[in-house]
Amino acid sequence: MPLITYRKALNDALAEEIIRDENVVIIGEEVAQYNGAYKVTEGLWQRFGDKRVVDAPISEAGFIGMGVGASMLGIRPVMELMFWSFAYVAWDQIINNAGQVRYMSGGLINCPIVIRGPANGGTNVGATHSHTPENFIANTPGLKVVCPATAYDAKGLMKTAIRDNDPVCFMENTLLYGETWEVPEEEYLIPLGVADIKRHGTDVSLIAHGRAVITALKAAEILAAEHDISAEVLDLRSIRPLDEEAILQTVRKTHRAVLVDENKPFCGVSAQIAATIQEKAFDELDAPVQRVCSLDAPAIYSPALESLQLPTVARIIEKVLHIR
Amino acid sequence: MSKLSSPKPSVTDDEVSVDPADYARAKINASLTAKQKIGFLREMIRIRRFEQTSLKYYNQGMMGGFLHLYIGQEAVAVGTVSLMGKNDHVITAYRDHGHALAVGMGMKECMAELFGKATGCSRGKGGSMHFFAPDKNYWGGHGIVGGQTPLGLGLAYGLKYKGLKGCALCFMGDGAVNQGAYHESLNLAALWKLPVVYVIENNKYSMGTTLERSSAMRNCLAERADGYGIVWDIANGEDLYEVRAKASSAMRRAHEQSLPTVLEVDTYRYYGHSVADANAKKYRSPEEIDRYKAHHDPINLWKKRLFDEGVLTEGEADAIDEAAKDEADTAAQFAIDSDSPTPETIFEDVYWEVDNKTEAGSTGRHFFSE
């Protein structure tokens, strides 16, 4: 299997879906002639032209809302946010319009739109550019949230998201764009709502999504090599719908859970996972559920400190050792 | 009506400037039959009787939430919607009952929605501010001021993308012109040459705040379109002929040139921002309201016009009114007799994939109640 980057996997998914469905259109800032601020859409404008790949001015509320309106008529827009942090100026369009119009119309309308872009800290760009709004979005029934951790997942989930008939918020990670994974050449789809065990283990479950999965995998290696602890790493892949059964299964297997989450801890994704575990697998637990989240302050600029603010391998190991 | 004449509209359409005093002779109106003209009267009266009936039950505590009445503005929805062809679409804000009935939604489904019943147009999930009928090209009914303006743009984008010759009529109030989403939409509409008509229904008050206290350009709201190179015009909303003539010109610009227009329609609401607006008679004088009712009522003016033209008799007008009252009463009884939605429907109409029982809809947990 060829090794390709997370970025290229997304690019391939977009190209394949543009070819497959004439209603798929890519819209966003710098997606066409500039080739994408993070080069996710590189070459697509040259291949597919003005109609299918559209540069938008810096007007997130305007163009995201426009995409929502077009999706009501059956267009399948894939809207790029240069950063998910910029979604906050389009919040009404995403939450109220994409998220609620189906409900308020009693099911007469659906919005087959994908809103995608990076949602991560760790790049020393300060608090305004480092938001991880998957918890906010997942708190809105009507919206779906996907956070792929690998190139393989990014491609398969993106193709599914574009074909889904509900609004899907697709959260990528700039620190993963250049990383490579094995990705098959033949077409494949990954359903939303199916988690993936990225490493099998027996002693403790590390449950994560997005880049936190990669951090958890590094911690699992050290736990095995230096502490003789076999950690299982479960990648949620999608937050809503959520593969709750996979979460409960791994907890039933290892009886210990450490949740790793680049979200902030208060009302973050891991808070929901912890609630689920205590509610449905309380008797399976041999220790309290632990969480390793971003430290609970706005994302700091200082490169020396930001790497500490995000979940670190050391903090994961410390939590695991605490409940071993 | 307040004077809006100081700015000069950017429209240069011969048809609508033939004789400013008489839009009846505009081509789009000259060809109207007596039956069509009477039909417009019927639609306006139906809207008014529907809302008066809804007000009665609202005041009896039989409805929840807000009730934003359109009474006084009927000629705007009826005049513009009367021009719609197969590929023309409508979207509006929360003062949406008039547009809903104008596009052909039934009084029963609309009234039942106000009562929160399962037979409502949105199955009791939307309420007064959220009526929808996509089968009639009617896309709501949106609660956040200005929030629908990018959606209207999207409808226009979709039409153009599909190569359909149509337009999106996006209605909004005068308060919405101060929202950023509207200005972003104007820029995109002009930049991408999208067939959208923004109809500003200027009823003079954004809730309790006058134009003088909310708009830096207080004499004209449409004029802001100049900043985006968009053609704009102003229409007198008490004259159905003028509304039709000017809306028709804007829609033609959309259909034939794929260009946007901003059309400001001067109008007035008799009731408060919503019925719950406790200060509806404090931020404006009762005399002002009475003056509009006495001299600028779009239904009375249209009725008089049809009498003068000799196409309608008093008896016929009374019969139309009686029929509308009966229809509204029947709709209210239908709503009262209808069942409330059942609790399990709370989880319906959230996700298309779940509702349609697809594999995607049954993969993973979608709902998180206990």
# chains A, B, ... in the order shown; residues from 1 in each chain; ligands from 1
$ interface_residues --of "chain A" --to "chain B" --cutoff "9 Å" --atoms "only C-alpha atoms" --output "ChimeraX atom specification"
/A:23,51,56-75,90,92-93,96-97,99-111,141-144,164-167,191-195,238,240-245
$ residues_around --residues "Leu217 (chain A)" --least-positions-apart "3" --cutoff "8 Å" --atoms "only C-alpha atoms" --output "ChimeraX atom specification"
/A:198-199,213-214,220-221,233
$ write_last_selection --atoms "N, CA and C atoms" --output "PDB file, in the first residue's frame"
ATOM      1  N   LYS A 198      -6.823   1.296  17.473  1.00  0.00           N
ATOM      2  CA  LYS A 198      -5.558   1.575  16.781  1.00  0.00           C
ATOM      3  C   LYS A 198      -4.414   0.729  17.363  1.00  0.00           C
ATOM      4  N   ARG A 199      -4.597   0.242  18.576  1.00  0.00           N
ATOM      5  CA  ARG A 199      -3.613  -0.653  19.184  1.00  0.00           C
ATOM      6  C   ARG A 199      -4.358  -1.523  20.199  1.00  0.00           C
ATOM      7  N   VAL A 213      -5.045  10.769  19.464  1.00  0.00           N
ATOM      8  CA  VAL A 213      -4.843   9.335  19.214  1.00  0.00           C
ATOM      9  C   VAL A 213      -3.352   9.049  19.001  1.00  0.00           C
ATOM     10  N   ILE A 214      -2.706   9.943  18.258  1.00  0.00           N
ATOM     11  CA  ILE A 214      -1.279   9.745  17.960  1.00  0.00           C
ATOM     12  C   ILE A 214      -0.465   9.869  19.254  1.00  0.00           C
ATOM     13  N   ALA A 220       1.392   4.603  24.649  1.00  0.00           N
ATOM     14  CA  ALA A 220       1.195   3.146  24.766  1.00  0.00           C
ATOM     15  C   ALA A 220       2.501   2.397  24.512  1.00  0.00           C
ATOM     16  N   GLU A 221       3.282   2.897  23.580  1.00  0.00           N
ATOM     17  CA  GLU A 221       4.575   2.256  23.288  1.00  0.00           C
ATOM     18  C   GLU A 221       5.489   2.298  24.508  1.00  0.00           C
ATOM     19  N   VAL A 233      -5.576   1.357  22.491  1.00  0.00           N
ATOM     20  CA  VAL A 233      -5.885   2.724  22.053  1.00  0.00           C
ATOM     21  C   VAL A 233      -7.117   2.681  21.154  1.00  0.00           C
TER      22      VAL A 233
END
$ residues_around --residues "Met158 (chain A)" --least-positions-apart "2" --cutoff "10 Å" --atoms "only C-alpha atoms" --output "list in words"
Ala9, Leu10, Asn11, Asp12, Ala13, Leu14, Glu17, Val78, Val114, Arg116, Val146, Pro148, Asp153, Ala154, Lys155, Gly156, Thr160, Ala161, Ile162, Arg163, Asp164, Val168, Phe170, Leu189, Ile190, Pro191 and Leu192 of chain A
$ atom_distance --atom1 "CA of Leu81 (chain A)" --atom2 "CA of Gly117 (chain A)"
5.0 Å
$ residues_around --residues "Ile273 (chain A)" --least-positions-apart "4" --cutoff "9 Å" --atoms "only C-alpha atoms" --output "mmCIF file with N, CA and C atoms, in the first residue's frame"
data_model
loop_
_atom_site.group_PDB
_atom_site.id
_atom_site.type_symbol
_atom_site.label_atom_id
_atom_site.label_comp_id
_atom_site.auth_asym_id
_atom_site.auth_seq_id
_atom_site.Cartn_x
_atom_site.Cartn_y
_atom_site.Cartn_z
ATOM 1 N N ILE A 207 -8.636 6.268 25.347
ATOM 2 C CA ILE A 207 -9.707 6.596 24.404
ATOM 3 C C ILE A 207 -9.505 8.035 23.936
ATOM 4 N N GLU A 244 -20.605 4.218 20.879
ATOM 5 C CA GLU A 244 -20.625 3.990 22.314
ATOM 6 C C GLU A 244 -20.283 2.539 22.655
ATOM 7 N N ILE A 247 -16.634 1.901 22.975
ATOM 8 C CA ILE A 247 -16.105 2.459 24.232
ATOM 9 C C ILE A 247 -16.357 1.475 25.372
ATOM 10 N N LEU A 259 -8.909 8.932 29.319
ATOM 11 C CA LEU A 259 -9.448 9.622 28.144
ATOM 12 C C LEU A 259 -8.483 10.727 27.740
ATOM 13 N N VAL A 269 -15.359 16.803 25.121
ATOM 14 C CA VAL A 269 -15.790 15.494 24.617
ATOM 15 C C VAL A 269 -15.536 14.414 25.666
ATOM 16 N N ILE A 277 -19.304 6.070 30.416
ATOM 17 C CA ILE A 277 -18.657 4.909 31.042
ATOM 18 C C ILE A 277 -19.214 4.674 32.451
ATOM 19 N N GLN A 278 -19.331 5.746 33.233
ATOM 20 C CA GLN A 278 -19.828 5.539 34.607
ATOM 21 C C GLN A 278 -21.281 5.083 34.607
#
$ residues_around --residues "Tyr6 (chain A)" --least-positions-apart "2" --cutoff "10 Å" --atoms "only C-alpha atoms" --output "JSON, numbers by chain"
{"A": [3, 4, 8, 9, 10, 11, 12, 40, 148, 149, 150, 151, 152, 153, 154, 155, 172, 173, 174, 175, 176, 177, 178, 179, 180, 181, 182, 183]}
$ select_by_dssp --residues "region 91-229 of chain B" --states "alpha helix (DSSP H)" --output "PyMOL selection string"
chain B and resi 97-102+107-114+148-161+180-191+211-214
$ select_by_dssp --residues "region 67-175 of chain A" --states "strand (DSSP E)" --output "list in words"
Arg76, Pro77, Val78, Met79, Glu80, Val114, Ile115, Arg116, Gly117, Pro118, Lys144, Val145, Val146, Val168, Cys169, Phe170, Met171 and Glu172 of chain A
$ write_last_selection --atoms "N, CA and C atoms" --output "compact mmCIF listing (two decimals), in the first residue's frame"
# COMPACT_ATOMS: atom_id res chain seq x y z
N ARG A 76 -24.19 19.86 -3.08
CA ARG A 76 -23.42 19.27 -1.98
C ARG A 76 -22.12 20.06 -1.78
N PRO A 77 -22.24 21.18 -1.12
CA PRO A 77 -21.04 22.01 -0.95
C PRO A 77 -20.10 21.42 0.11
N VAL A 78 -18.82 21.48 -0.18
CA VAL A 78 -17.80 21.15 0.81
C VAL A 78 -17.09 22.47 1.10
N MET A 79 -17.41 23.03 2.26
CA MET A 79 -16.96 24.38 2.59
C MET A 79 -15.68 24.29 3.42
N GLU A 80 -14.63 24.97 2.98
CA GLU A 80 -13.42 24.98 3.79
C GLU A 80 -13.40 26.19 4.72
N VAL A 114 -20.87 19.67 3.88
CA VAL A 114 -19.71 19.36 4.72
C VAL A 114 -18.98 20.67 5.00
N ILE A 115 -18.68 20.91 6.26
CA ILE A 115 -17.85 22.06 6.62
C ILE A 115 -16.56 21.48 7.18
N ARG A 116 -15.44 21.81 6.56
CA ARG A 116 -14.20 21.15 6.95
C ARG A 116 -13.07 22.17 7.14
N GLY A 117 -12.04 21.72 7.86
CA GLY A 117 -10.88 22.55 8.10
C GLY A 117 -10.17 22.06 9.35
N PRO A 118 -9.01 22.65 9.63
CA PRO A 118 -8.27 22.20 10.81
C PRO A 118 -8.81 22.79 12.10
N LYS A 144 -23.36 16.65 12.73
CA LYS A 144 -22.48 15.52 12.95
C LYS A 144 -21.04 16.03 13.02
N VAL A 145 -20.20 15.32 13.76
CA VAL A 145 -18.82 15.77 13.94
C VAL A 145 -17.86 14.61 13.73
N VAL A 146 -16.86 14.84 12.89
CA VAL A 146 -15.88 13.82 12.58
C VAL A 146 -14.48 14.39 12.82
N VAL A 168 -22.29 17.71 8.06
CA VAL A 168 -21.17 17.08 8.75
C VAL A 168 -20.06 18.11 8.95
N CYS A 169 -19.63 18.25 10.19
CA CYS A 169 -18.51 19.15 10.52
C CYS A 169 -17.27 18.29 10.63
N PHE A 170 -16.31 18.53 9.76
CA PHE A 170 -15.16 17.65 9.59
C PHE A 170 -13.93 18.39 10.10
N MET A 171 -13.35 17.87 11.19
CA MET A 171 -12.27 18.59 11.86
C MET A 171 -10.93 17.90 11.67
N GLU A 172 -10.04 18.61 10.99
CA GLU A 172 -8.72 18.08 10.66
C GLU A 172 -7.69 18.67 11.62
$ residues_around --residues "Ser10 (chain B)" --least-positions-apart "2" --cutoff "9 Å" --atoms "only C-alpha atoms" --output "PyMOL selection string"
chain B and resi 8+12+223+226+230-233
